[in-house]
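Student: Sharing a structure below in structure tokens format, with a few things to ask.
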Amino acid sequence: MGTCKVVRPSSNRVNPRYLHHFFQSTGYRRKVSSLAAGANINNLKNEHIDELLLPLPPLEEQRRIAAILDRAAKVREQATQSLGSSSRALYESIFSRDILAVRHRMARIGDIAMQLPSGYGSDPGRLPFGAPVAKVSNITADGRFHREFESRSFTQPEINRLLVGEHDLLVVKSSSSKANIISGKTAICGKNHAGVLVASNFLMRLCVDQSTADPRFVWHVLNSKISKDFVKRVAGTTTYPNLKWSTYVDHPIPLPSLSEQRLIRERLDHIDALSHEKGARLAEEAGNLIAVLQQQLIGR
């Protein structure tokens, strides 16, 4: 487990925001690497911190520099959020045009998918088979996997029963409160997850009947406003919102023909990929600009 070092700036000599930006700067990270002589930064010793040289202009100048860098960081955040909002608006526009505005046949999720086993207890250790486990924290609000999966050991029968298949949908069941309902956010398993990943007991694992529905089309529906509204209705009435398969089976799914589903899915996939590509590029460019500012204003 990693440990933290606490640095408390002297208020009459160092502006806390200035110090924060110094610790974020490329020069600081480069210096730390040389001091630690290739060791993991998590193991940085107190004497290494004591040896750091901090450029220290007058307090007023520190405040000015910190304010500039704070504004740059804020612009980066706002630009990224704006791109995400506009991309999501376009995504929802296409979704509404192709799905909501057309009277497609409606089905229930229970008509086109079945629930498969998920869940595990505490890791008993020393079992013959290990596997990464997908948890609630591994699924983003827009239905992607992120962060490293924790591993757990299993018996052979457990592994045979619990490993996910390609196109399986993992739906978050639990939310911490009515103020923050995350139930319903859904990830889809790819080829790299099939036969490798296990879903935790806080996720529903669904297998879509591919003779009736396209799994990625269903994934888009389950991460849309249609789904969020449904989840709020059925799970948002209790203190700790929780989805149950017995009620989730009634989740409405617009169901055009399979060929139409695939066309709609391709459009949504394209918009989705573009927005993430642009967002990643924007964040990288903004980060590079802030790094240049830090170098120019703080130096070293």
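Ordering of the structure tokens sets the chain letters (A, B, ...); residue numbers start at 1 within each chain; ligands are numbered from 1 in the order shown.
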Determine, counting only C-alpha atoms, which protein, DNA and RNA residues have an atom within 6 Å of an atom of His104 in chain A; residues of the same chain fewer than 4 positions away are not included. Present the result as a list in words.
Tutor: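 Contacts, with the query itself left out: Pro254, Leu255 and Pro256 of chain A.
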Student: Considering only C-alpha atoms, return as a list in words whatever protein or nucleic-acid residues lie within 10 Å of Arg144 in chain A, sequence-local ones (same chain, fewer than 4 positions apart) excluded.
Tutor: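 Selected residues are Asn138, Ile139, Thr140, Lys185, Thr186, Ala187, Ile188 and Cys189 of chain A.
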Student: Can you write out the residues you just picked, keeping C-alpha atoms, as an mmCIF file, in the first residue's frame?
Tutor:
data_model
loop_
_atom_site.group_PDB
_atom_site.id
_atom_site.type_symbol
_atom_site.label_atom_id
_atom_site.label_comp_id
_atom_site.auth_asym_id
_atom_site.auth_seq_id
_atom_site.Cartn_x
_atom_site.Cartn_y
_atom_site.Cartn_z
ATOM 1 C CA ASN A 138 -14.530 -0.020 -13.044
ATOM 2 C CA ILE A 139 -17.498 1.258 -15.091
ATOM 3 C CA THR A 140 -17.702 4.895 -16.190
ATOM 4 C CA LYS A 185 -24.739 2.334 -16.138
ATOM 5 C CA THR A 186 -23.684 -0.511 -18.376
ATOM 6 C CA ALA A 187 -20.420 -1.814 -19.827
ATOM 7 C CA ILE A 188 -20.100 -4.262 -22.710
ATOM 8 C CA CYS A 189 -17.478 -7.001 -22.711
#
Student: Could you check the closest approach to Leu169 in chain A for each of A:Gln156, A:Gln115, A:Thr237, A:Thr247 and tell me which residue wins, using only C-alpha atoms?
Tutor: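 Answer, going by the shortest atom-to-atom distance: A:Gln115.
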Student: My list of candidates is A:Ile226, A:Leu116, A:Val172, A:Val196. Which is closest to Arg152 in chain A when distances are computed with only C-alpha atoms?
Tutor: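 Comparing A:Ile226, A:Leu116, A:Val172, A:Val196 against Arg152 in chain A, the winner is A:Val196.
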Student: Determine, counting only C-alpha atoms, which protein, DNA and RNA residues have an atom within 9 Å of an atom of Gly130 in chain A; residues of the same chain fewer than 5 positions away are not included. Present the result as a list in words.
Tutor: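 Here the answer would be Ser151, Arg152, Ser153, Phe154, Thr155 and Ile159 of chain A.
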Student: Excluding Val136 in chain A and any residue of its chain fewer than 4 positions from it, enumerate the residues within 10 Å of it, using only C-alpha atoms, and give them as a CSV table (one decimal) with C-alpha atoms, in the first residue's frame.
Tutor:
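selection-v7.csv written:
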chain,number,residue,atom,x,y,z
A,140,THR,CA,-17.7,4.9,-16.2
A,145,PHE,CA,-14.3,0.1,-18.4
A,170,LEU,CA,-22.5,-5.7,-17.1
A,171,VAL,CA,-25.2,-3.5,-15.5
A,172,VAL,CA,-24.5,-1.6,-12.2
A,173,LYS,CA,-27.1,-2.6,-9.6
A,174,SER,CA,-26.3,-0.4,-6.6
A,175,SER,CA,-26.1,3.3,-5.9
A,182,ILE,CA,-25.4,5.4,-10.8
A,183,SER,CA,-27.5,2.2,-11.0
A,185,LYS,CA,-24.7,2.3,-16.1
A,186,THR,CA,-23.7,-0.5,-18.4
A,199,ALA,CA,-18.4,-9.7,-12.8
A,200,SER,CA,-18.9,-8.7,-9.1
A,201,ASN,CA,-22.1,-9.3,-7.1
A,202,PHE,CA,-22.9,-5.6,-7.5
A,203,LEU,CA,-23.3,-6.0,-11.3
Student: As a PyMOL selection string, please: all residues of range 71-276 of chain A that backbone DSSP puts in helix (DSSP H, G or I).
Tutor: chain A and resi 71-100+109-112+136-138+156-162+215-222+225-235+245-248+258-276
